[in-house]
$ cat start_18.tsv   # TSV, C-alpha atoms
chain	number	residue	atom	x	y	z
W	1	MET	CA	-18.92	-12.63	10.50
W	2	LYS	CA	-21.64	-9.96	10.24
W	3	ALA	CA	-20.24	-8.17	13.27
W	4	GLN	CA	-16.81	-8.14	11.67
W	5	HIS	CA	-18.22	-6.72	8.44
W	6	SER	CA	-20.17	-4.01	10.27
W	7	ALA	CA	-16.96	-2.97	12.00
W	8	VAL	CA	-14.91	-2.94	8.81
W	9	LEU	CA	-17.29	-0.82	6.74
W	10	PRO	CA	-16.99	2.40	8.78
W	11	LEU	CA	-13.22	1.97	8.65
W	12	LEU	CA	-13.27	1.70	4.87
W	13	LEU	CA	-15.38	4.83	4.76
W	14	PHE	CA	-13.05	6.59	7.21
W	15	VAL	CA	-9.92	5.91	5.17
W	16	VAL	CA	-11.39	7.40	2.01
W	17	LEU	CA	-13.00	10.33	3.81
W	18	TYR	CA	-9.67	11.07	5.48
W	19	SER	CA	-7.76	11.10	2.21
W	20	VAL	CA	-10.40	13.21	0.45
W	21	ALA	CA	-10.31	15.86	3.16
W	22	SER	CA	-6.68	15.79	4.19
W	23	GLY	CA	-4.04	18.39	3.63
W	24	GLN	CA	-3.53	21.29	1.27
W	25	GLN	CA	-4.74	20.29	-2.20
W	26	ASP	CA	-2.05	21.75	-4.48
W	27	ALA	CA	-1.93	20.60	-8.10
W	28	PRO	CA	0.62	17.77	-8.34
W	29	ASP	CA	3.67	17.90	-10.59
W	30	ARG	CA	4.12	15.39	-13.41
W	31	LEU	CA	7.36	13.43	-13.80
W	32	PRO	CA	8.08	11.26	-16.89
W	33	ILE	CA	9.98	8.13	-15.80
W	34	GLY	CA	10.45	6.42	-19.18
W	35	ASN	CA	8.63	3.95	-21.46
W	36	GLY	CA	5.76	6.37	-21.90
W	37	VAL	CA	4.93	6.41	-18.17
W	38	SER	CA	4.55	9.54	-16.04
W	39	LEU	CA	3.85	9.81	-12.32
W	40	HIS	CA	2.27	12.76	-10.54
W	41	PHE	CA	3.58	13.81	-7.14
W	42	VAL	CA	3.55	16.51	-4.47
W	43	GLU	CA	6.24	17.43	-1.97
W	44	ARG	CA	6.70	19.53	1.13
W	45	GLY	CA	9.77	20.69	3.03
W	46	GLU	CA	13.51	20.34	2.65
W	47	GLY	CA	16.04	17.83	3.93
W	48	ASP	CA	16.55	14.09	3.57
W	49	PRO	CA	13.92	12.66	1.18
W	50	ILE	CA	11.12	10.45	2.47
W	51	ILE	CA	8.73	8.93	-0.07
W	52	PHE	CA	5.21	7.75	0.75
W	53	VAL	CA	3.62	4.95	-1.28
W	54	HIS	CA	-0.18	4.64	-1.07
W	55	GLY	CA	-2.41	1.56	-1.02
W	56	LEU	CA	-5.10	0.13	-3.31
W	57	MET	CA	-7.55	2.54	-4.98
W	58	ASP	CA	-5.99	5.56	-3.31
W	59	ASP	CA	-3.58	8.20	-4.65
W	60	TYR	CA	-1.07	10.82	-3.50
W	61	SER	CA	-3.80	12.81	-1.71
W	62	GLY	CA	-4.09	10.20	1.03
W	63	TRP	CA	-0.70	11.27	2.42
W	64	LEU	CA	-1.11	15.06	2.38
W	65	ARG	CA	-1.50	15.52	6.12
W	66	GLN	CA	1.51	13.33	6.76
W	67	LEU	CA	3.60	15.38	4.32
W	68	GLU	CA	2.99	18.46	6.41
W	69	GLY	CA	3.97	16.65	9.59
W	70	PHE	CA	7.21	15.25	8.22
W	71	ALA	CA	8.15	18.51	6.50
W	72	LYS	CA	8.00	20.25	9.89
W	73	GLN	CA	10.62	17.76	11.08
W	74	ASP	CA	13.06	18.87	8.35
W	75	TYR	CA	12.38	16.17	5.77
W	76	ARG	CA	11.66	16.54	2.08
W	77	ALA	CA	8.36	14.66	2.15
W	78	ILE	CA	7.13	13.31	-1.19
W	79	ALA	CA	3.90	11.47	-2.10
W	80	TYR	CA	3.25	10.20	-5.60
W	81	SER	CA	0.41	8.39	-7.34
W	82	ARG	CA	1.31	4.91	-8.55
W	83	ARG	CA	1.10	4.10	-12.26
W	84	TYR	CA	-2.67	3.72	-12.68
W	85	ASN	CA	-3.88	6.08	-9.98
W	86	TYR	CA	-5.28	9.60	-10.19
W	87	PRO	CA	-4.33	11.87	-11.88
W	88	ASN	CA	-2.00	9.68	-13.99
W	89	LYS	CA	-3.16	8.81	-17.52
W	90	ASN	CA	-0.85	5.89	-18.30
W	91	ARG	CA	-1.95	3.28	-20.81
W	92	LEU	CA	-3.13	0.02	-19.27
W	93	ARG	CA	-0.65	-2.80	-19.89
W	94	ALA	CA	-0.90	-6.52	-19.23
W	95	ASN	CA	0.32	-8.31	-16.09
W	96	HIS	CA	0.68	-5.34	-13.83
W	97	SER	CA	1.99	-6.05	-10.33
W	98	ALA	CA	4.11	-4.75	-7.47
W	99	LEU	CA	7.16	-5.76	-9.53
W	100	VAL	CA	6.23	-3.13	-12.11
W	101	GLU	CA	5.40	-0.66	-9.34
W	102	ALA	CA	8.83	-1.18	-7.76
W	103	ASP	CA	10.59	-0.50	-11.07
W	104	ASP	CA	8.44	2.62	-11.46
W	105	LEU	CA	9.46	3.80	-8.00
W	106	ALA	CA	13.14	3.16	-8.74
W	107	ALA	CA	12.85	5.25	-11.92
W	108	PHE	CA	10.96	7.93	-10.01
W	109	ILE	CA	13.77	8.21	-7.44
W	110	ARG	CA	16.46	8.32	-10.13
W	111	ASN	CA	14.64	10.85	-12.30
W	112	LEU	CA	14.17	13.16	-9.32
W	113	LYS	CA	17.92	12.74	-8.75
W	114	LEU	CA	17.36	11.90	-5.10
W	115	PRO	CA	19.97	10.47	-2.76
W	116	LYS	CA	19.07	7.31	-0.86
W	117	ALA	CA	15.52	7.83	0.37
W	118	HIS	CA	13.45	6.73	3.33
W	119	ILE	CA	10.54	4.73	1.88
W	120	VAL	CA	7.19	4.45	3.68
W	121	GLY	CA	4.71	2.05	2.10
W	122	TYR	CA	1.18	1.13	3.10
W	123	SER	CA	-0.73	-2.02	2.02
W	124	TYR	CA	-0.11	-2.64	-1.72
W	125	GLY	CA	2.26	0.31	-1.58
W	126	ALA	CA	4.20	-1.56	1.12
W	127	TYR	CA	4.36	-4.56	-1.21
W	128	THR	CA	5.89	-2.22	-3.79
W	129	ALA	CA	8.30	-0.75	-1.24
W	130	LEU	CA	9.50	-4.17	-0.09
W	131	ILE	CA	10.29	-5.28	-3.63
W	132	LEU	CA	12.09	-1.98	-4.25
W	133	ALA	CA	14.32	-2.61	-1.21
W	134	LEU	CA	15.02	-6.18	-2.32
W	135	GLU	CA	15.77	-5.33	-5.96
W	136	HIS	CA	17.20	-1.81	-5.64
W	137	PRO	CA	18.72	-1.55	-2.14
W	138	GLU	CA	21.11	1.15	-3.32
W	139	LEU	CA	18.13	3.54	-3.51
W	140	VAL	CA	16.72	2.87	-0.05
W	141	ARG	CA	18.01	4.33	3.21
W	142	THR	CA	15.25	2.93	5.43
W	143	LEU	CA	12.08	0.97	4.77
W	144	THR	CA	8.75	1.21	6.59
W	145	LEU	CA	6.18	-1.48	5.79
W	146	GLY	CA	2.54	-1.01	6.74
W	147	GLU	CA	0.96	-4.45	6.29
W	148	PRO	CA	2.00	-5.49	2.76
W	149	PRO	CA	-0.43	-8.11	1.35
W	150	LEU	CA	2.11	-10.89	0.76
W	151	VAL	CA	-0.58	-13.20	-0.60
W	152	PRO	CA	1.72	-15.96	-1.93
W	153	TRP	CA	2.99	-16.60	1.60
W	154	LEU	CA	-0.52	-17.64	2.70
W	155	THR	CA	-0.02	-21.03	1.07
W	156	ASP	CA	2.81	-22.16	3.35
W	157	LEU	CA	2.87	-20.28	6.63
W	158	PRO	CA	4.60	-22.04	9.51
W	159	GLY	CA	2.95	-23.41	12.62
W	160	ASP	CA	-0.63	-22.79	13.69
W	161	LYS	CA	-1.24	-20.11	11.02
W	162	SER	CA	-0.93	-22.60	8.16
W	163	GLU	CA	-4.59	-23.60	7.75
W	164	ALA	CA	-5.97	-20.15	8.58
W	165	GLY	CA	-3.71	-18.61	5.94
W	166	LYS	CA	-4.94	-21.01	3.28
W	167	MET	CA	-8.56	-20.30	4.16
W	168	HIS	CA	-7.96	-16.56	3.96
W	169	LEU	CA	-6.40	-16.98	0.52
W	170	GLU	CA	-9.35	-19.07	-0.67
W	171	LYS	CA	-11.80	-16.39	0.42
W	172	LEU	CA	-9.79	-13.60	-1.16
W	173	MET	CA	-9.66	-15.37	-4.52
W	174	GLU	CA	-13.21	-16.78	-4.61
W	175	GLN	CA	-15.04	-13.74	-3.26
W	176	GLY	CA	-12.67	-10.96	-4.35
W	177	ILE	CA	-10.08	-11.31	-7.10
W	178	ASN	CA	-11.80	-13.86	-9.38
W	179	PRO	CA	-15.28	-12.26	-9.57
W	180	THR	CA	-13.73	-8.78	-9.77
W	181	LYS	CA	-11.67	-9.90	-12.76
W	182	ALA	CA	-14.75	-11.43	-14.40
W	183	ALA	CA	-16.72	-8.20	-13.97
W	184	PHE	CA	-13.96	-6.13	-15.57
W	185	GLU	CA	-13.82	-8.55	-18.51
W	186	LEU	CA	-17.51	-7.84	-19.10
W	187	GLY	CA	-16.90	-4.08	-18.93
W	188	ARG	CA	-18.77	-3.76	-15.65
W	189	ASP	CA	-16.39	-1.55	-13.70
W	190	GLU	CA	-18.95	-0.52	-11.09
W	191	ILE	CA	-19.78	-4.15	-10.32
W	192	ALA	CA	-16.07	-4.93	-10.11
W	193	MET	CA	-15.51	-2.21	-7.51
W	194	ARG	CA	-18.57	-3.30	-5.57
W	195	THR	CA	-17.38	-6.90	-5.57
W	196	MET	CA	-13.99	-6.07	-4.11
W	197	PHE	CA	-15.45	-3.71	-1.48
W	198	ASP	CA	-18.05	-6.29	-0.49
W	199	CYS	CA	-15.38	-8.96	-0.13
W	200	ILE	CA	-13.65	-6.76	2.43
W	201	GLY	CA	-16.58	-5.00	4.08
W	202	GLY	CA	-19.51	-7.39	3.66
W	203	ALA	CA	-22.54	-7.38	1.36
W	204	GLY	CA	-23.63	-3.89	0.36
W	205	ALA	CA	-20.45	-2.19	1.58
W	206	PHE	CA	-19.89	-0.22	-1.61
W	207	GLU	CA	-23.52	0.85	-1.94
W	208	ARG	CA	-23.51	2.36	1.54
W	209	LEU	CA	-20.66	4.72	0.73
W	210	PRO	CA	-21.51	8.41	0.06
W	211	GLU	CA	-21.42	9.34	-3.59
W	212	PHE	CA	-18.32	11.54	-3.34
W	213	VAL	CA	-16.45	8.66	-1.71
W	214	LYS	CA	-17.50	6.37	-4.55
W	215	ASP	CA	-16.18	9.03	-6.95
W	216	LYS	CA	-12.71	8.79	-5.43
W	217	CYS	CA	-12.82	5.03	-5.90
W	218	ARG	CA	-13.95	5.49	-9.49
W	219	ARG	CA	-11.07	7.84	-10.28
W	220	ASN	CA	-8.69	5.09	-9.17
W	221	VAL	CA	-10.53	2.13	-10.66
W	222	THR	CA	-7.89	1.58	-13.37
W	223	GLU	CA	-5.47	0.36	-10.72
W	224	LEU	CA	-7.97	-2.25	-9.50
W	225	LYS	CA	-8.56	-3.29	-13.11
W	226	ALA	CA	-4.81	-3.64	-13.72
W	227	ILE	CA	-4.29	-5.78	-10.63
W	228	ALA	CA	-7.41	-7.93	-11.03
W	229	SER	CA	-6.64	-8.69	-14.70
W	230	SER	CA	-2.97	-9.54	-14.09
W	231	ASN	CA	-1.70	-13.11	-14.24
W	232	ALA	CA	0.38	-12.37	-11.13
W	233	PRO	CA	-1.33	-9.58	-9.15
W	234	TYR	CA	0.59	-10.62	-6.03
W	235	PRO	CA	4.10	-11.54	-7.20
W	236	PHE	CA	6.22	-14.07	-5.36
W	237	VAL	CA	8.63	-12.64	-2.80
W	238	ASP	CA	11.60	-14.92	-2.21
W	239	ARG	CA	12.03	-15.63	1.49
W	240	LYS	CA	15.78	-16.12	0.97
W	241	LYS	CA	16.08	-12.54	-0.28
W	242	VAL	CA	14.08	-11.28	2.67
W	243	ARG	CA	16.45	-13.14	5.02
W	244	SER	CA	19.35	-11.18	3.55
W	245	LEU	CA	17.63	-7.77	3.60
W	246	ALA	CA	20.17	-5.31	4.97
W	247	VAL	CA	18.06	-2.14	4.70
W	248	PRO	CA	16.87	-0.97	8.17
W	249	THR	CA	13.20	-1.97	8.22
W	250	LEU	CA	10.29	-0.92	10.41
W	251	ILE	CA	7.20	-3.14	10.34
W	252	LEU	CA	3.97	-1.44	11.43
W	253	SER	CA	1.04	-3.75	12.22
W	254	GLY	CA	-2.46	-3.30	13.59
W	255	SER	CA	-3.35	-5.55	16.52
W	256	LYS	CA	-6.89	-5.98	15.18
W	257	SER	CA	-6.08	-6.28	11.48
W	258	VAL	CA	-8.10	-8.80	9.48
W	259	ALA	CA	-6.07	-8.28	6.30
W	260	VAL	CA	-3.48	-10.65	4.80
W	261	ALA	CA	-0.83	-9.15	7.07
W	262	LYS	CA	-2.59	-10.65	10.09
W	263	TYR	CA	-0.85	-13.81	8.95
W	264	THR	CA	2.24	-12.54	7.13
W	265	ASP	CA	3.67	-9.70	9.24
W	266	SER	CA	4.98	-12.19	11.79
W	267	GLU	CA	6.67	-14.04	8.95
W	268	LEU	CA	8.33	-10.81	7.84
W	269	GLU	CA	9.55	-10.25	11.38
W	270	ARG	CA	10.88	-13.81	11.56
W	271	LEU	CA	12.76	-13.56	8.26
W	272	ILE	CA	14.33	-10.09	8.30
W	273	PRO	CA	17.63	-10.14	10.22
W	274	GLU	CA	17.12	-8.99	13.80
W	275	HIS	CA	19.77	-6.26	13.55
W	276	SER	CA	17.98	-4.80	10.50
W	277	ARG	CA	14.40	-4.66	11.69
W	278	LYS	CA	11.98	-3.44	14.31
W	279	ARG	CA	8.29	-4.25	14.61
W	280	ILE	CA	5.64	-2.11	16.27
W	281	VAL	CA	2.11	-3.45	16.79
W	282	LEU	CA	-0.36	-0.60	17.19
W	283	VAL	CA	-2.86	-1.65	19.82
W	284	GLY	CA	-6.48	-1.33	18.72
W	285	ALA	CA	-5.66	-0.57	15.08
W	286	THR	CA	-6.90	-2.53	12.08
W	287	HIS	CA	-5.34	-2.57	8.61
W	288	ILE	CA	-5.79	1.19	8.18
W	289	ILE	CA	-3.14	2.00	10.75
W	290	TRP	CA	-2.16	5.37	9.23
W	291	VAL	CA	-5.75	6.58	9.42
W	292	GLN	CA	-6.63	5.33	12.87
W	293	GLN	CA	-3.34	6.25	14.55
W	294	PRO	CA	-1.66	8.87	12.32
W	295	VAL	CA	0.35	10.55	15.08
W	296	GLN	CA	1.57	7.24	16.51
W	297	CYS	CA	2.60	6.04	13.04
W	298	ARG	CA	4.41	9.28	12.27
W	299	ASN	CA	6.27	9.27	15.58
W	300	ALA	CA	7.23	5.62	15.13
W	301	VAL	CA	8.72	6.35	11.72
W	302	LEU	CA	10.50	9.50	12.90
W	303	ASN	CA	12.03	7.73	15.88
W	304	PHE	CA	13.14	4.87	13.65
W	305	ILE	CA	14.74	6.86	10.84
W	306	ARG	CA	16.41	9.65	12.81
W	307	ASP	CA	19.50	7.61	13.61
W	308	LYS	CA	19.69	5.77	10.29

$ encode --input "start_18.tsv" --output "structure tokens"
Amino acid sequence: MKAQHSAVLPLLLFVVLYSVASGQQDAPDRLPIGNGVSLHFVERGEGDPIIFVHGLMDDYSGWLRQLEGFAKQDYRAIAYSRRYNYPNKNRLRANHSALVEADDLAAFIRNLKLPKAHIVGYSYGAYTALILALEHPELVRTLTLGEPPLVPWLTDLPGDKSEAGKMHLEKLMEQGINPTKAAFELGRDEIAMRTMFDCIGGAGAFERLPEFVKDKCRRNVTELKAIASSNAPYPFVDRKKVRSLAVPTLILSGSKSVAVAKYTDSELERLIPEHSRKRIVLVGATHIIWVQQPVQCRNAVLNFIRDK
């Protein structure tokens, strides 16, 4: 276990360092989407719209280098910060989840007056993107899912993954979500962040991060607070709906991932109709596929969406 943790920590550091340093740092635009909520976003290029949805405790800046790459291929590449991520100032509301995020994204697309868009989601952003495609398929031209944490599926995975999935869920709740929620309830935001990082990267993972990396986590801590305090941080995704998903879907997985998707990506592949989906497993990659293999991920998406 210690060896696994020592391997994960540099990757956690790498993902945040990458997003801090990546791309041209223009000031993002602000778009009101209704109900007192506004989302900040940046865009590059012209052409068919492609929207990038970031993961936990990140923001629009994590996609900046990819925006440049897709814009050069004649796409209107857009990255936005989800409801509680920097630099948004939206009021914290109860029971936040990917269901809320998907409705936000639907309103974002409509308020920008976009045609059907290609949606690229990573981690919790992929969770959001999947629900968008299930609930608002009229807005989605293609869907790319980078390891969505479909936590509820861990309770009843088929075959030899059944027990391992349950054990992974138990660890996530006992060492991550539950103590993180308790720390937030006591007003100890720093301890809450440290708890979640240490659950993923091993004891002391957060403390070993450089201060400017910790600062990026701090500027996005409201999202972690919203998810940890929710009664349904990982909303149920109906397998029957997934079976009927007609939106062309690309599943990107890391061959060495230790995240939830290690158990659930195969279930996604099994459920989505064969004519609607393609899965690519990136050899040697962990959960942070877009950081470790950015060119391979970009090329996979471009090849997938060009004919759709």

$ axis_aligned_box --input "start_18.tsv" --around "stretch 155-171 of chain W" --padding-each-side "6 Å" --output "JSON"
{"center_x": -3.6, "center_y": -20.0, "center_z": 6.5, "size_x": 28.4, "size_y": 19.2, "size_z": 26.4}

$ residues_near_point --input "start_18.tsv" --point "(-15.5, -0.4, -12.8)" --cutoff "10 Å" --atoms "all atoms listed in the file" --output "list in words"
Thr180, Ala183, Phe184, Leu186, Gly187, Arg188, Asp189, Glu190, Ile191, Ala192, Met193, Arg194, Thr195, Cys217, Arg218, Arg219, Asn220, Val221, Thr222, Leu224 and Lys225 of chain W

$ residues_around --input "start_18.tsv" --residues "W:Val120" --least-positions-apart "2" --cutoff "10 Å" --atoms "only C-alpha atoms" --output "PyMOL selection string"
chain W and resi 50-54+79+117-118+122+125-126+129-130+142-146+249-250+301

$ residues_around --input "start_18.tsv" --residues "stretch 89-95 of chain W" --least-positions-apart "2" --cutoff "8 Å" --atoms "all atoms listed in the file" --output "list of chain:residue names"
W:Gly36, W:Val37, W:Ser38, W:Arg83, W:Tyr84, W:Tyr86, W:Pro87, W:Ser97, W:Thr222, W:Ala226, W:Ile227, W:Ser229, W:Ser230, W:Asn231, W:Ala232, W:Pro233

$ closest_atom_pairs --input "start_18.tsv" --of "stretch 187-298 of chain W" --to "stretch 153-177 of chain W" --cutoff "6 Å" --atoms "all atoms listed in the file" --output "Markdown table"
| residue | atom | partner | partner_atom | distance |
| --- | --- | --- | --- | --- |
| W:Met196 | CA | W:Gly176 | CA | 5.1 |
| W:Cys199 | CA | W:Gly176 | CA | 5.4 |
| W:Ala228 | CA | W:Ile177 | CA | 5.8 |

$ closest_residue --input "start_18.tsv" --among "W:Lys216, W:Ile200, W:Asp29, W:Pro294" --to "W:Leu67" --atoms "all atoms listed in the file"
W:Pro294

$ residues_around --input "start_18.tsv" --residues "W:Val151" --least-positions-apart "4" --cutoff "9 Å" --atoms "only C-alpha atoms" --output "NGL selection string"
:W and (155 or 169 or 234-236 or 260-261 or 264)

$ write_last_selection --input "start_18.tsv" --atoms "C-alpha atoms" --output "short mmCIF file (atom, residue, chain, number, x, y, z; two decimals), in the frame of the given file"
data_model
loop_
_atom_site.label_atom_id
_atom_site.label_comp_id
_atom_site.auth_asym_id
_atom_site.auth_seq_id
_atom_site.Cartn_x
_atom_site.Cartn_y
_atom_site.Cartn_z
CA THR W 155 -0.02 -21.03 1.07
CA LEU W 169 -6.40 -16.98 0.52
CA TYR W 234 0.59 -10.62 -6.03
CA PRO W 235 4.10 -11.54 -7.20
CA PHE W 236 6.22 -14.07 -5.36
CA VAL W 260 -3.48 -10.65 4.80
CA ALA W 261 -0.83 -9.15 7.07
CA THR W 264 2.24 -12.54 7.13
#

$ residues_near_point --input "start_18.tsv" --point "(11.4, 3.2, -16.4)" --cutoff "7 Å" --atoms "all atoms listed in the file" --output "list in words"
Ile33, Gly34, Asn35, Asp103, Asp104 and Ala107 of chain W

$ atom_distance --input "start_18.tsv" --atom1 "atom CA of W:Arg239" --atom2 "atom CA of W:Ser276"
15.3 Å

$ residues_around --input "start_18.tsv" --residues "W:Leu245" --least-positions-apart "6" --cutoff "10 Å" --atoms "all atoms listed in the file" --output "list in words"
Leu130, Ala133, Leu134, Pro137, Arg239, Leu271, Ile272, Pro273, Ser276 and Arg277 of chain W

$ atom_distance --input "start_18.tsv" --atom1 "atom CA of W:Ser255" --atom2 "atom CA of W:Tyr60"
26.0 Å

$ atom_distance --input "start_18.tsv" --atom1 "atom CA of W:Pro152" --atom2 "atom CA of W:Val237"
7.7 Å

$ residues_around --input "start_18.tsv" --residues "W:Asn111" --least-positions-apart "2" --cutoff "10 Å" --atoms "only C-alpha atoms" --output "short mmCIF file (atom, residue, chain, number, x, y, z; two decimals) with C-alpha atoms, keeping the file's coordinate frame"
data_model
loop_
_atom_site.label_atom_id
_atom_site.label_comp_id
_atom_site.auth_asym_id
_atom_site.auth_seq_id
_atom_site.Cartn_x
_atom_site.Cartn_y
_atom_site.Cartn_z
CA LEU W 31 7.36 13.43 -13.80
CA PRO W 32 8.08 11.26 -16.89
CA ILE W 33 9.98 8.13 -15.80
CA GLY W 34 10.45 6.42 -19.18
CA LEU W 105 9.46 3.80 -8.00
CA ALA W 106 13.14 3.16 -8.74
CA ALA W 107 12.85 5.25 -11.92
CA PHE W 108 10.96 7.93 -10.01
CA ILE W 109 13.77 8.21 -7.44
CA LYS W 113 17.92 12.74 -8.75
CA LEU W 114 17.36 11.90 -5.10
#

$ decode --input "start_18.tsv" --residues "stretch 234-279 of chain W" --atoms "C-alpha atoms" --output "PDB file, in the first residue's frame"
ATOM      1  CA  TYR W 234     -22.543  10.670  -5.992  1.00  0.00           C
ATOM      2  CA  PRO W 235     -26.071  10.474  -7.428  1.00  0.00           C
ATOM      3  CA  PHE W 236     -27.515   7.236  -8.724  1.00  0.00           C
ATOM      4  CA  VAL W 237     -27.137   6.644 -12.460  1.00  0.00           C
ATOM      5  CA  ASP W 238     -29.811   4.323 -13.818  1.00  0.00           C
ATOM      6  CA  ARG W 239     -28.247   1.464 -15.747  1.00  0.00           C
ATOM      7  CA  LYS W 240     -31.388   1.185 -17.899  1.00  0.00           C
ATOM      8  CA  LYS W 241     -30.875   4.754 -19.112  1.00  0.00           C
ATOM      9  CA  VAL W 242     -27.236   4.036 -19.858  1.00  0.00           C
ATOM     10  CA  ARG W 243     -28.283   1.000 -21.913  1.00  0.00           C
ATOM     11  CA  SER W 244     -30.384   3.286 -24.099  1.00  0.00           C
ATOM     12  CA  LEU W 245     -27.765   6.029 -24.495  1.00  0.00           C
ATOM     13  CA  ALA W 246     -27.748   6.973 -28.167  1.00  0.00           C
ATOM     14  CA  VAL W 247     -25.134   9.754 -28.007  1.00  0.00           C
ATOM     15  CA  PRO W 248     -21.803   8.597 -29.548  1.00  0.00           C
ATOM     16  CA  THR W 249     -19.599   7.993 -26.513  1.00  0.00           C
ATOM     17  CA  LEU W 250     -15.842   7.632 -26.101  1.00  0.00           C
ATOM     18  CA  ILE W 251     -14.611   6.096 -22.840  1.00  0.00           C
ATOM     19  CA  LEU W 252     -11.013   6.943 -21.919  1.00  0.00           C
ATOM     20  CA  SER W 253      -9.432   4.801 -19.190  1.00  0.00           C
ATOM     21  CA  GLY W 254      -5.988   4.510 -17.648  1.00  0.00           C
ATOM     22  CA  SER W 255      -4.570   0.990 -17.524  1.00  0.00           C
ATOM     23  CA  LYS W 256      -3.034   1.672 -14.103  1.00  0.00           C
ATOM     24  CA  SER W 257      -5.878   3.673 -12.577  1.00  0.00           C
ATOM     25  CA  VAL W 258      -6.653   3.037  -8.915  1.00  0.00           C
ATOM     26  CA  ALA W 259      -9.719   5.283  -8.904  1.00  0.00           C
ATOM     27  CA  VAL W 260     -13.374   4.206  -8.839  1.00  0.00           C
ATOM     28  CA  ALA W 261     -13.312   3.840 -12.616  1.00  0.00           C
ATOM     29  CA  LYS W 262     -10.921   0.904 -12.273  1.00  0.00           C
ATOM     30  CA  TYR W 263     -14.095  -0.982 -11.428  1.00  0.00           C
ATOM     31  CA  THR W 264     -16.815   0.966 -13.240  1.00  0.00           C
ATOM     32  CA  ASP W 265     -15.440   1.816 -16.705  1.00  0.00           C
ATOM     33  CA  SER W 266     -15.883  -1.786 -17.824  1.00  0.00           C
ATOM     34  CA  GLU W 267     -19.484  -1.587 -16.650  1.00  0.00           C
ATOM     35  CA  LEU W 268     -19.980   1.548 -18.741  1.00  0.00           C
ATOM     36  CA  GLU W 269     -18.548  -0.263 -21.743  1.00  0.00           C
ATOM     37  CA  ARG W 270     -20.836  -3.240 -21.126  1.00  0.00           C
ATOM     38  CA  LEU W 271     -23.979  -1.118 -20.821  1.00  0.00           C
ATOM     39  CA  ILE W 272     -23.641   1.496 -23.575  1.00  0.00           C
ATOM     40  CA  PRO W 273     -24.869   0.087 -26.901  1.00  0.00           C
ATOM     41  CA  GLU W 274     -21.960  -1.179 -28.978  1.00  0.00           C
ATOM     42  CA  HIS W 275     -22.855   0.967 -31.992  1.00  0.00           C
ATOM     43  CA  SER W 276     -22.778   4.092 -29.786  1.00  0.00           C
ATOM     44  CA  ARG W 277     -19.508   3.670 -27.948  1.00  0.00           C
ATOM     45  CA  LYS W 278     -15.784   3.154 -28.189  1.00  0.00           C
ATOM     46  CA  ARG W 279     -13.348   2.537 -25.359  1.00  0.00           C
TER      47      ARG W 279
END
